[in-house]
file run-v3.txt (compact mmCIF, C-alpha atoms and all ligand atoms)
# COMPACT_ATOMS: atom_id res chain seq x y z
CA MET A 1115 -41.48 10.57 7.28
CA SER A 1116 -44.62 8.54 7.90
CA PRO A 1117 -43.66 5.90 10.47
CA PRO A 1118 -42.44 2.62 9.01
CA ARG A 1119 -44.64 -0.26 10.05
CA ARG A 1120 -42.42 -3.32 9.81
CA VAL A 1121 -38.78 -2.93 10.85
CA LEU A 1122 -35.75 -5.20 10.69
CA ALA A 1123 -33.19 -4.08 13.31
CA ILE A 1124 -29.66 -5.45 12.88
CA VAL A 1125 -27.22 -4.90 15.75
CA ASN A 1126 -23.48 -5.64 15.58
CA PRO A 1127 -22.49 -6.18 19.24
CA ALA A 1128 -18.77 -6.11 18.35
CA ALA A 1129 -18.79 -2.63 16.75
CA GLY A 1130 -17.19 0.27 18.62
CA GLN A 1131 -15.94 -0.11 22.18
CA ASP A 1132 -17.79 -2.25 24.65
CA GLN A 1133 -21.28 -0.85 25.35
CA ALA A 1134 -23.14 -3.53 23.40
CA GLU A 1135 -25.52 -4.57 26.22
CA ASP A 1136 -26.73 -1.02 26.88
CA ILE A 1137 -27.12 -0.26 23.20
CA LEU A 1138 -29.15 -3.40 22.57
CA ALA A 1139 -31.39 -2.70 25.57
CA THR A 1140 -32.02 0.88 24.44
CA ILE A 1141 -32.89 -0.17 20.89
CA ARG A 1142 -35.23 -2.94 22.10
CA ARG A 1143 -37.01 -0.63 24.55
CA ARG A 1144 -37.45 2.12 21.98
CA LEU A 1145 -38.78 -0.28 19.35
CA GLU A 1146 -41.21 -1.78 21.88
CA GLU A 1147 -42.43 1.69 22.93
CA SER A 1148 -42.93 2.66 19.29
CA GLY A 1149 -45.51 -0.08 18.79
CA LEU A 1150 -43.86 -1.10 15.52
CA ASP A 1151 -43.78 -4.65 14.26
CA PHE A 1152 -40.05 -5.33 14.59
CA GLU A 1153 -37.52 -8.12 14.36
CA LEU A 1154 -34.25 -7.56 16.26
CA ARG A 1155 -31.20 -9.62 15.28
CA GLU A 1156 -27.62 -9.60 16.56
CA THR A 1157 -24.82 -10.36 14.11
CA GLU A 1158 -22.36 -13.11 14.96
CA GLY A 1159 -19.83 -12.35 12.26
CA GLU A 1160 -19.20 -11.20 8.72
CA GLY A 1161 -22.00 -11.77 6.22
CA ASP A 1162 -24.97 -11.81 8.63
CA ALA A 1163 -26.05 -8.20 8.09
CA ARG A 1164 -25.73 -8.54 4.32
CA ARG A 1165 -27.71 -11.80 4.16
CA TRP A 1166 -30.52 -10.62 6.45
CA ALA A 1167 -30.92 -7.34 4.55
CA ALA A 1168 -30.92 -9.18 1.23
CA GLU A 1169 -33.67 -11.54 2.40
CA THR A 1170 -35.98 -9.17 4.26
CA ASP A 1171 -39.39 -7.99 3.06
CA ARG A 1172 -39.67 -5.36 5.80
CA GLU A 1173 -40.09 -1.62 5.16
CA LEU A 1174 -37.11 -0.24 7.07
CA VAL A 1175 -33.72 -1.73 7.89
CA LEU A 1176 -32.28 -0.23 11.08
CA VAL A 1177 -28.56 -0.89 11.52
CA ALA A 1178 -26.63 -0.41 14.77
CA GLY A 1179 -22.93 -0.74 14.02
CA GLY A 1180 -20.05 1.01 12.32
CA ASP A 1181 -19.38 1.71 8.66
CA GLY A 1182 -18.61 -1.96 8.05
CA THR A 1183 -21.96 -3.22 9.30
CA VAL A 1184 -23.90 -0.44 7.59
CA MET A 1185 -22.23 -1.21 4.27
CA GLU A 1186 -22.89 -4.92 4.63
CA ALA A 1187 -26.59 -4.21 5.17
CA LEU A 1188 -26.68 -1.63 2.37
CA SER A 1189 -25.12 -4.14 -0.02
CA GLY A 1190 -27.78 -6.67 0.97
CA ILE A 1191 -30.54 -4.14 0.31
CA ILE A 1192 -29.10 -3.34 -3.13
CA GLU A 1193 -29.13 -7.07 -3.94
CA ASN A 1194 -32.67 -7.27 -2.53
CA GLU A 1195 -33.87 -4.76 -5.20
CA ARG A 1196 -36.78 -3.55 -3.04
CA GLU A 1197 -35.51 0.02 -2.41
CA ILE A 1198 -35.89 -0.42 1.36
CA PRO A 1199 -34.59 2.63 3.28
CA LEU A 1200 -31.71 2.10 5.72
CA ALA A 1201 -31.46 4.04 9.00
CA GLN A 1202 -28.25 4.10 11.01
CA ILE A 1203 -27.60 3.91 14.75
CA PRO A 1204 -23.88 4.77 14.68
CA THR A 1205 -22.28 2.56 17.32
CA GLY A 1206 -19.00 1.86 15.48
CA THR A 1207 -15.58 3.41 15.78
CA ALA A 1208 -15.43 5.97 12.97
CA ASN A 1209 -19.08 6.06 11.80
CA LEU A 1210 -18.05 8.18 8.83
CA LEU A 1211 -21.21 7.59 6.79
CA ALA A 1212 -23.44 8.63 9.68
CA ARG A 1213 -21.33 11.72 10.38
CA ALA A 1214 -21.30 12.65 6.70
CA LEU A 1215 -25.09 12.54 6.53
CA GLY A 1216 -25.62 14.40 9.81
CA VAL A 1217 -26.98 11.33 11.64
CA PRO A 1218 -26.42 11.88 15.40
CA THR A 1219 -23.97 9.56 17.14
CA ASP A 1220 -26.07 9.49 20.33
CA VAL A 1221 -28.13 6.27 20.32
CA ASP A 1222 -31.40 7.88 21.51
CA ASP A 1223 -31.13 10.77 19.05
CA ALA A 1224 -30.33 8.40 16.19
CA LEU A 1225 -33.38 6.26 17.09
CA GLU A 1226 -35.59 9.36 17.14
CA LEU A 1227 -34.31 10.24 13.65
CA ALA A 1228 -34.70 6.67 12.36
CA LEU A 1229 -38.21 6.10 13.65
CA ARG A 1230 -39.80 9.56 13.66
CA SER A 1231 -38.15 12.70 12.38
CA GLY A 1232 -35.90 11.57 9.51
CA VAL A 1233 -36.54 11.49 5.77
CA ALA A 1234 -35.41 8.76 3.36
CA VAL A 1235 -33.44 10.19 0.41
CA PRO A 1236 -31.66 8.56 -2.52
CA MET A 1237 -27.86 8.47 -2.39
CA ASP A 1238 -25.33 7.43 -5.02
CA VAL A 1239 -23.45 4.21 -4.35
CA GLY A 1240 -20.14 3.05 -5.80
CA HIS A 1241 -19.73 -0.41 -7.26
CA LEU A 1242 -16.30 -2.02 -7.24
CA VAL A 1243 -16.85 -3.97 -10.41
CA ASP A 1244 -14.06 -6.55 -10.25
CA HIS A 1245 -14.82 -7.43 -6.59
CA ASP A 1246 -18.62 -7.08 -7.01
CA ARG A 1247 -18.66 -4.98 -3.82
CA TYR A 1248 -20.60 -1.77 -3.12
CA PHE A 1249 -19.31 1.29 -1.27
CA ALA A 1250 -20.97 4.37 0.16
CA LEU A 1251 -17.95 6.45 1.16
CA MET A 1252 -14.97 5.61 -0.99
CA ALA A 1253 -12.75 3.06 -2.60
CA GLY A 1254 -9.22 4.09 -1.75
CA SER A 1255 -5.74 2.86 -2.54
CA GLY A 1256 -2.52 3.95 -0.85
CA TRP A 1257 -2.33 5.89 2.42
CA ASP A 1258 -5.96 5.45 3.50
CA ALA A 1259 -5.79 1.71 2.85
CA ASP A 1260 -2.45 1.42 4.70
CA LEU A 1261 -3.84 3.11 7.81
CA ILE A 1262 -7.02 1.04 7.79
CA LYS A 1263 -5.09 -2.19 7.40
CA ALA A 1264 -2.94 -1.23 10.40
CA ALA A 1265 -5.95 -0.30 12.62
CA ASP A 1266 -7.02 -3.81 13.56
CA ARG A 1267 -9.91 -4.83 15.87
CA ASP A 1268 -7.67 -4.97 18.99
CA LEU A 1269 -6.34 -1.46 18.44
CA LYS A 1270 -9.85 -0.08 17.71
CA ASP A 1271 -11.22 -1.77 20.86
CA LYS A 1272 -8.42 -0.23 22.95
CA LEU A 1273 -8.17 3.24 21.44
CA GLY A 1274 -11.41 3.89 19.54
CA PHE A 1275 -11.12 6.54 16.82
CA PHE A 1276 -7.58 7.37 18.03
CA ALA A 1277 -6.48 4.04 16.53
CA TYR A 1278 -7.00 5.56 13.07
CA VAL A 1279 -5.07 8.71 14.05
CA ILE A 1280 -2.05 6.70 15.22
CA THR A 1281 -1.95 4.33 12.25
CA GLY A 1282 -2.59 7.30 9.94
CA VAL A 1283 0.44 9.22 11.19
CA LYS A 1284 2.63 6.08 11.16
CA SER A 1285 1.62 5.24 7.59
CA LEU A 1286 2.66 8.73 6.40
CA PHE A 1287 6.29 7.78 6.93
CA SER A 1288 6.24 4.71 4.71
CA LEU A 1289 4.46 6.16 1.66
CA LYS A 1290 6.03 5.34 -1.69
CA ARG A 1291 4.79 6.52 -5.06
CA SER A 1292 3.67 4.02 -7.67
CA ARG A 1293 3.27 4.44 -11.42
CA ILE A 1294 -0.48 4.96 -11.83
CA ARG A 1295 -2.47 4.27 -15.00
CA LEU A 1296 -5.95 5.75 -14.85
CA THR A 1297 -9.01 5.46 -17.00
CA VAL A 1298 -11.47 8.24 -16.11
CA ASP A 1299 -14.61 7.62 -18.19
CA ASP A 1300 -13.01 7.61 -21.69
CA ARG A 1301 -9.75 9.43 -20.80
CA ARG A 1302 -6.50 7.63 -20.14
CA LEU A 1303 -3.94 9.30 -17.85
CA ARG A 1304 -0.63 8.47 -16.19
CA PHE A 1305 0.79 9.79 -12.92
CA ARG A 1306 3.20 8.95 -10.15
CA ALA A 1307 1.24 8.96 -6.90
CA HIS A 1308 0.97 7.13 -3.59
CA THR A 1309 -2.73 7.58 -2.94
CA VAL A 1310 -5.66 7.38 -5.37
CA ILE A 1311 -9.18 7.53 -3.96
CA ALA A 1312 -12.56 7.22 -5.71
CA ILE A 1313 -14.82 9.30 -3.46
CA ASN A 1314 -18.60 9.18 -3.15
CA VAL A 1315 -19.00 10.78 0.29
CA GLY A 1316 -16.05 13.04 1.12
CA GLU A 1317 -17.40 15.61 3.54
CA ILE A 1318 -18.33 15.35 7.21
CA GLN A 1319 -21.38 17.56 7.87
CA GLY A 1320 -20.69 20.51 10.14
CA SER A 1321 -17.04 19.59 10.74
CA GLY A 1322 -15.40 21.77 8.10
CA ILE A 1323 -13.54 18.64 6.94
CA ALA A 1324 -13.79 17.72 3.26
CA LEU A 1325 -11.54 15.75 0.92
CA GLY A 1326 -12.30 18.14 -1.97
CA SER A 1327 -14.71 20.85 -3.12
CA ASN A 1328 -18.27 20.09 -4.24
CA LEU A 1329 -18.11 16.42 -3.37
CA SER A 1330 -21.66 15.17 -3.29
CA PRO A 1331 -23.18 11.69 -3.03
CA HIS A 1332 -26.24 13.04 -4.82
CA ASP A 1333 -24.73 14.19 -8.14
CA GLY A 1334 -24.55 10.89 -10.02
CA LYS A 1335 -20.72 11.02 -10.12
CA LEU A 1336 -17.66 9.75 -8.28
CA ASP A 1337 -14.76 12.10 -7.57
CA LEU A 1338 -11.23 10.90 -7.97
CA ALA A 1339 -8.51 12.41 -5.75
CA ILE A 1340 -4.86 11.75 -6.60
CA VAL A 1341 -2.20 12.56 -4.01
CA SER A 1342 1.39 12.53 -5.17
CA PRO A 1343 3.99 14.37 -3.03
CA ASN A 1344 7.19 12.45 -2.49
CA SER A 1345 8.34 13.84 0.86
CA ILE A 1346 6.92 14.33 4.34
CA GLY A 1347 7.07 18.10 3.73
CA GLY A 1348 4.98 17.69 0.56
CA ILE A 1349 2.49 15.47 2.36
CA LEU A 1350 2.11 18.00 5.16
CA LYS A 1351 1.44 20.68 2.53
CA VAL A 1352 -1.36 18.54 1.09
CA LEU A 1353 -2.82 17.99 4.57
CA TRP A 1354 -2.66 21.74 5.15
CA ARG A 1355 -4.49 22.35 1.86
CA LEU A 1356 -7.21 19.91 2.89
CA LEU A 1357 -7.56 21.50 6.33
CA THR A 1358 -7.74 25.01 4.90
CA ARG A 1359 -9.95 23.86 2.01
CA ARG A 1360 -7.62 25.09 -0.76
CA TYR A 1361 -8.05 22.18 -3.13
CA GLU A 1362 -7.26 23.75 -6.49
CA GLY A 1363 -3.99 24.70 -8.12
CA ALA A 1364 -1.62 22.07 -6.66
CA THR A 1365 0.05 19.43 -8.80
CA GLU A 1366 0.39 17.22 -5.69
CA LEU A 1367 -3.40 17.06 -5.33
CA ARG A 1368 -5.57 16.55 -8.41
CA TYR A 1369 -9.24 15.83 -8.89
CA PHE A 1370 -11.42 14.33 -11.60
CA SER A 1371 -15.15 13.71 -11.66
CA ALA A 1372 -16.45 10.65 -13.51
CA GLU A 1373 -18.98 7.85 -13.70
CA LYS A 1374 -16.37 5.14 -14.30
CA ILE A 1375 -12.86 5.00 -12.90
CA LYS A 1376 -10.17 2.37 -13.38
CA VAL A 1377 -6.91 2.46 -11.39
CA GLU A 1378 -3.81 0.35 -12.00
CA ALA A 1379 -0.65 0.83 -9.93
CA ASP A 1380 2.88 -0.48 -10.29
CA PRO A 1381 3.89 -1.54 -7.68
CA PRO A 1382 0.32 -2.33 -6.50
CA LEU A 1383 -1.15 -0.24 -3.66
CA ASN A 1384 -3.21 -1.51 -0.71
CA LEU A 1385 -6.95 -1.14 -1.33
CA GLU A 1386 -9.85 -0.42 1.04
CA ILE A 1387 -13.54 0.21 0.63
CA ASP A 1388 -15.49 2.04 3.32
CA GLY A 1389 -12.84 1.31 5.91
CA GLU A 1390 -12.34 -2.37 5.15
CA PRO A 1391 -9.08 -3.64 3.62
CA ILE A 1392 -9.79 -5.73 0.52
CA GLY A 1393 -6.45 -6.55 -1.05
CA LYS A 1394 -4.55 -4.48 -3.58
CA THR A 1395 -4.98 -2.52 -6.82
CA PRO A 1396 -6.08 -2.68 -9.64
CA PHE A 1397 -9.66 -1.62 -9.11
CA GLU A 1398 -12.53 -0.37 -11.25
CA ALA A 1399 -15.32 1.70 -9.68
CA HIS A 1400 -18.64 2.69 -11.28
CA VAL A 1401 -21.28 4.97 -9.77
CA ILE A 1402 -24.86 3.75 -9.31
CA PRO A 1403 -26.79 7.05 -9.26
CA GLY A 1404 -29.35 7.11 -6.42
CA GLY A 1405 -28.58 3.44 -5.75
CA ALA A 1406 -29.61 3.44 -2.05
CA MET A 1407 -32.21 5.09 0.20
CA LEU A 1408 -30.78 6.46 3.47
CA VAL A 1409 -32.65 8.07 6.37
CA VAL A 1410 -31.18 11.53 7.05
CA PRO A 1411 -32.19 14.61 9.07
CA ARG A 1412 -34.71 16.85 7.30
CA GLU A 1413 -32.19 19.77 7.44
CA TYR A 1414 -29.59 17.70 5.57
CA ALA A 1415 -32.09 16.96 2.79
CA GLU A 1416 -33.11 20.63 2.67
CA ASN A 1417 -29.49 21.83 2.47
CA LYS A 1418 -28.73 19.40 -0.35
CA ASP A 1419 -32.00 20.25 -2.08
CA ILE A 1420 -33.07 16.60 -2.20
CA LEU A 1421 -36.20 16.65 -0.01
CA PRO A 1422 -38.58 13.98 -1.31
N1 LIG A 1501 -20.76 -10.76 16.84
C1 LIG A 1501 -19.64 -10.35 16.21
N2 LIG A 1501 -18.41 -10.54 16.76
C2 LIG A 1501 -17.28 -10.13 16.16
N3 LIG A 1501 -17.26 -9.46 14.97
C3 LIG A 1501 -18.44 -9.22 14.37
C4 LIG A 1501 -19.69 -9.65 14.95
N4 LIG A 1501 -20.70 -9.27 14.11
C5 LIG A 1501 -20.10 -8.64 13.06
N5 LIG A 1501 -18.77 -8.61 13.20
C6 LIG A 1501 -17.76 -7.98 12.34
O1 LIG A 1501 -17.70 -6.57 12.66
C7 LIG A 1501 -17.10 -5.89 11.55
C8 LIG A 1501 -17.80 -4.58 11.29
O2 LIG A 1501 -17.56 -3.70 12.32
P1 LIG A 1501 -17.97 -2.19 12.08
O3 LIG A 1501 -17.21 -1.63 10.94
O4 LIG A 1501 -19.44 -2.08 12.01
O5 LIG A 1501 -17.53 -1.49 13.42
P2 LIG A 1501 -16.19 -0.68 13.74
O6 LIG A 1501 -15.06 -1.30 13.02
O7 LIG A 1501 -16.09 -0.53 15.23
O8 LIG A 1501 -16.57 0.78 13.20
P3 LIG A 1501 -16.08 1.69 11.95
O9 LIG A 1501 -16.05 0.80 10.73
O10 LIG A 1501 -17.15 2.75 11.88
O11 LIG A 1501 -14.73 2.24 12.31
C9 LIG A 1501 -17.26 -6.80 10.34
O12 LIG A 1501 -15.96 -7.23 9.97
C10 LIG A 1501 -18.09 -7.97 10.86
O13 LIG A 1501 -17.68 -9.17 10.28
call {"tool": "encode", "arguments": {"input": "run-v3.txt", "output": "structure tokens"}}
result
Amino acid sequence: MSPPRRVLAIVNPAAGQDQAEDILATIRRRLEESGLDFELRETEGEGDARRWAAETDRELVLVAGGDGTVMEALSGIIENEREIPLAQIPTGTANLLARALGVPTDVDDALELALRSGVAVPMDVGHLVDHDRYFALMAGSGWDADLIKAADRDLKDKLGFFAYVITGVKSLFSLKRSRIRLTVDDRRLRFRAHTVIAINVGEIQGSGIALGSNLSPHDGKLDLAIVSPNSIGGILKVLWRLLTRRYEGATELRYFSAEKIKVEADPPLNLEIDGEPIGKTPFEAHVIPGGAMLVVPREYAENKDILP
């Protein structure tokens, strides 16, 4: 990537666990050394990252934070309509988008990628139509939304990623199936299920973990995963299938691929997008093919065959 000349750096000092001072100092030093024309801003709360990214006329938006901060900035860029690339410095708790795209979680390595060695590639983005909110990873209802709602800031500050593990296991025991009415492009379907997720990014690079087969944020589609077992035994079977990557052939785990997905649930299920609780179902998600430009390692772009 030819070096960006004018950079907006957005840092969320509250993301992750308690190393904000060091992270800020490292980012400032590296930007100064790079000789780039940069503006460095620290968020004070919700909405800052989105507003600053929406208003900027700079050529790269660098975001230090977790998935929440990155998505705020990405949403701002989409509203900005300038196709500005976004580079991540993953300093949050889960950092799923960074991990999925192979962005290193070490601050120095991520800065090297952002400012020197990375390439900007187009990535699909989901749009939650009724909330007018964008998502990079997924819009999920049911178990994922329950666990995210339970993992509050205090718990994440104390336990880091383990907060999600604990609330995830706890939430397994209170799952109840709802009657689900789906519209998948032009098809209408009915199921009983407790978890329905519209997935854009569903695979963590190099981890062997994927929520389904052939999930790609570069194919112009969303993938819908429907999880429906009614007992802990059935849920463990689904988890085992996911861990051993045997996605096909189970009625408790079904997939659809579509550009438009509408989900209604009775009783309503908790809803999250990209790790943030945002109320309950119903929801309608549309894909915006290639809707954002993200800086990724050259090898990632080569593997996905999307090198610019
Ligand atoms: N200065 C601040 N103090 C407190 N909260 C802030 C501040 N700036 C932004 N926020 C809030 O931080 C939240 C985003 O945190 P983010 O998701 O980036 O980190 P995380 O929760 O640690 O990581 P992850 O989402 O990857 O698990 C948003 O809700 C935003 O409103």
call {"tool": "closest_atom_pairs", "arguments": {"input": "run-v3.txt", "of": "chain A", "to": "ligand LIG 1501 (chain A)", "cutoff": "7 Å", "atoms": "only C-alpha atoms and all ligand atoms", "output": "JSON lines"}}
result
{"residue": "A:Asn1126", "atom": "CA", "partner": "A:LIG1501", "partner_atom": "N4", "distance": 4.8}
{"residue": "A:Pro1127", "atom": "CA", "partner": "A:LIG1501", "partner_atom": "N1", "distance": 5.5}
{"residue": "A:Ala1128", "atom": "CA", "partner": "A:LIG1501", "partner_atom": "N2", "distance": 4.7}
{"residue": "A:Ala1129", "atom": "CA", "partner": "A:LIG1501", "partner_atom": "O5", "distance": 3.7}
{"residue": "A:Gly1130", "atom": "CA", "partner": "A:LIG1501", "partner_atom": "O7", "distance": 3.7}
{"residue": "A:Gln1131", "atom": "CA", "partner": "A:LIG1501", "partner_atom": "O7", "distance": 7.0}
{"residue": "A:Glu1156", "atom": "CA", "partner": "A:LIG1501", "partner_atom": "N1", "distance": 7.0}
{"residue": "A:Thr1157", "atom": "CA", "partner": "A:LIG1501", "partner_atom": "N4", "distance": 4.3}
{"residue": "A:Glu1158", "atom": "CA", "partner": "A:LIG1501", "partner_atom": "N1", "distance": 3.4}
{"residue": "A:Gly1159", "atom": "CA", "partner": "A:LIG1501", "partner_atom": "N4", "distance": 3.7}
{"residue": "A:Glu1160", "atom": "CA", "partner": "A:LIG1501", "partner_atom": "O13", "distance": 3.0}
{"residue": "A:Gly1161", "atom": "CA", "partner": "A:LIG1501", "partner_atom": "O13", "distance": 6.5}
{"residue": "A:Gly1179", "atom": "CA", "partner": "A:LIG1501", "partner_atom": "O4", "distance": 4.2}
{"residue": "A:Gly1180", "atom": "CA", "partner": "A:LIG1501", "partner_atom": "O4", "distance": 3.2}
{"residue": "A:Asp1181", "atom": "CA", "partner": "A:LIG1501", "partner_atom": "O9", "distance": 4.0}
{"residue": "A:Gly1182", "atom": "CA", "partner": "A:LIG1501", "partner_atom": "O3", "distance": 3.2}
{"residue": "A:Thr1183", "atom": "CA", "partner": "A:LIG1501", "partner_atom": "O4", "distance": 3.9}
{"residue": "A:Val1184", "atom": "CA", "partner": "A:LIG1501", "partner_atom": "O4", "distance": 6.5}
{"residue": "A:Gly1206", "atom": "CA", "partner": "A:LIG1501", "partner_atom": "O8", "distance": 3.5}
{"residue": "A:Thr1207", "atom": "CA", "partner": "A:LIG1501", "partner_atom": "O11", "distance": 3.8}
{"residue": "A:Ala1208", "atom": "CA", "partner": "A:LIG1501", "partner_atom": "O10", "distance": 3.8}
{"residue": "A:Asn1209", "atom": "CA", "partner": "A:LIG1501", "partner_atom": "O10", "distance": 3.8}
{"residue": "A:Leu1210", "atom": "CA", "partner": "A:LIG1501", "partner_atom": "O10", "distance": 6.3}
{"residue": "A:Arg1267", "atom": "CA", "partner": "A:LIG1501", "partner_atom": "O6", "distance": 6.9}
{"residue": "A:Lys1270", "atom": "CA", "partner": "A:LIG1501", "partner_atom": "O7", "distance": 6.7}
{"residue": "A:Gly1389", "atom": "CA", "partner": "A:LIG1501", "partner_atom": "O9", "distance": 5.8}
call {"tool": "atom_distance", "arguments": {"input": "run-v3.txt", "atom1": "atom CA of A:Gln1133", "atom2": "atom CA of A:Thr1205"}}
result
8.8 Å
call {"tool": "closest_atom_pairs", "arguments": {"input": "run-v3.txt", "of": "stretch 1219-1269 of chain A", "to": "stretch 1278-1301 of chain A", "cutoff": "9 Å", "atoms": "all atoms listed in the file", "output": "CSV"}}
result
residue,atom,partner,partner_atom,distance
A:Gly1256,CA,A:Leu1289,CA,7.7
A:Trp1257,CA,A:Ser1285,CA,6.5
A:Asp1258,CA,A:Gly1282,CA,7.5
A:Asp1260,CA,A:Ser1285,CA,6.3
A:Leu1261,CA,A:Gly1282,CA,4.9
A:Ile1262,CA,A:Tyr1278,CA,7.0
A:Lys1263,CA,A:Thr1281,CA,8.7
A:Ala1264,CA,A:Thr1281,CA,5.9
A:Ala1265,CA,A:Tyr1278,CA,6.0
A:Leu1269,CA,A:Tyr1278,CA,8.9
call {"tool": "residues_around", "arguments": {"input": "run-v3.txt", "residues": "A:Arg1165", "least_positions_apart": "6", "cutoff": "9 Å", "atoms": "only C-alpha atoms", "output": "JSON list (two decimals) with C-alpha atoms, in the coordinates of the input"}}
result
[["chain", "number", "residue", "atom", "x", "y", "z"],
["A", 1186, "GLU", "CA", -22.89, -4.92, 4.63],
["A", 1187, "ALA", "CA", -26.59, -4.21, 5.17],
["A", 1190, "GLY", "CA", -27.78, -6.67, 0.97]]
call {"tool": "atom_distance", "arguments": {"input": "run-v3.txt", "atom1": "atom CA of A:Leu1138", "atom2": "atom CA of A:Val1125"}}
result
7.2 Å
call {"tool": "residues_near_point", "arguments": {"input": "run-v3.txt", "point": "(-32.4, 12.0, 1.7)", "cutoff": "9 Å", "atoms": "all atoms listed in the file", "output": "number ranges by chain"}}
result
A: 1215, 1232-1237, 1407-1412, 1414-1416, 1418, 1420-1422
call {"tool": "write_last_selection", "arguments": {"input": "run-v3.txt", "atoms": "C-alpha atoms", "output": "PDB file, in the coordinates of the input"}}
result
ATOM      1  CA  LEU A1215     -25.090  12.540   6.530  1.00  0.00           C
ATOM      2  CA  GLY A1232     -35.900  11.570   9.510  1.00  0.00           C
ATOM      3  CA  VAL A1233     -36.540  11.490   5.770  1.00  0.00           C
ATOM      4  CA  ALA A1234     -35.410   8.760   3.360  1.00  0.00           C
ATOM      5  CA  VAL A1235     -33.440  10.190   0.410  1.00  0.00           C
ATOM      6  CA  PRO A1236     -31.660   8.560  -2.520  1.00  0.00           C
ATOM      7  CA  MET A1237     -27.860   8.470  -2.390  1.00  0.00           C
ATOM      8  CA  MET A1407     -32.210   5.090   0.200  1.00  0.00           C
ATOM      9  CA  LEU A1408     -30.780   6.460   3.470  1.00  0.00           C
ATOM     10  CA  VAL A1409     -32.650   8.070   6.370  1.00  0.00           C
ATOM     11  CA  VAL A1410     -31.180  11.530   7.050  1.00  0.00           C
ATOM     12  CA  PRO A1411     -32.190  14.610   9.070  1.00  0.00           C
ATOM     13  CA  ARG A1412     -34.710  16.850   7.300  1.00  0.00           C
ATOM     14  CA  TYR A1414     -29.590  17.700   5.570  1.00  0.00           C
ATOM     15  CA  ALA A1415     -32.090  16.960   2.790  1.00  0.00           C
ATOM     16  CA  GLU A1416     -33.110  20.630   2.670  1.00  0.00           C
ATOM     17  CA  LYS A1418     -28.730  19.400  -0.350  1.00  0.00           C
ATOM     18  CA  ILE A1420     -33.070  16.600  -2.200  1.00  0.00           C
ATOM     19  CA  LEU A1421     -36.200  16.650  -0.010  1.00  0.00           C
ATOM     20  CA  PRO A1422     -38.580  13.980  -1.310  1.00  0.00           C
TER      21      PRO A1422
END
call {"tool": "closest_residue", "arguments": {"input": "run-v3.txt", "among": "A:Lys1351, A:His1308, A:Arg1360, A:Arg1368", "to": "A:Gly1254", "atoms": "all atoms listed in the file"}}
result
A:His1308
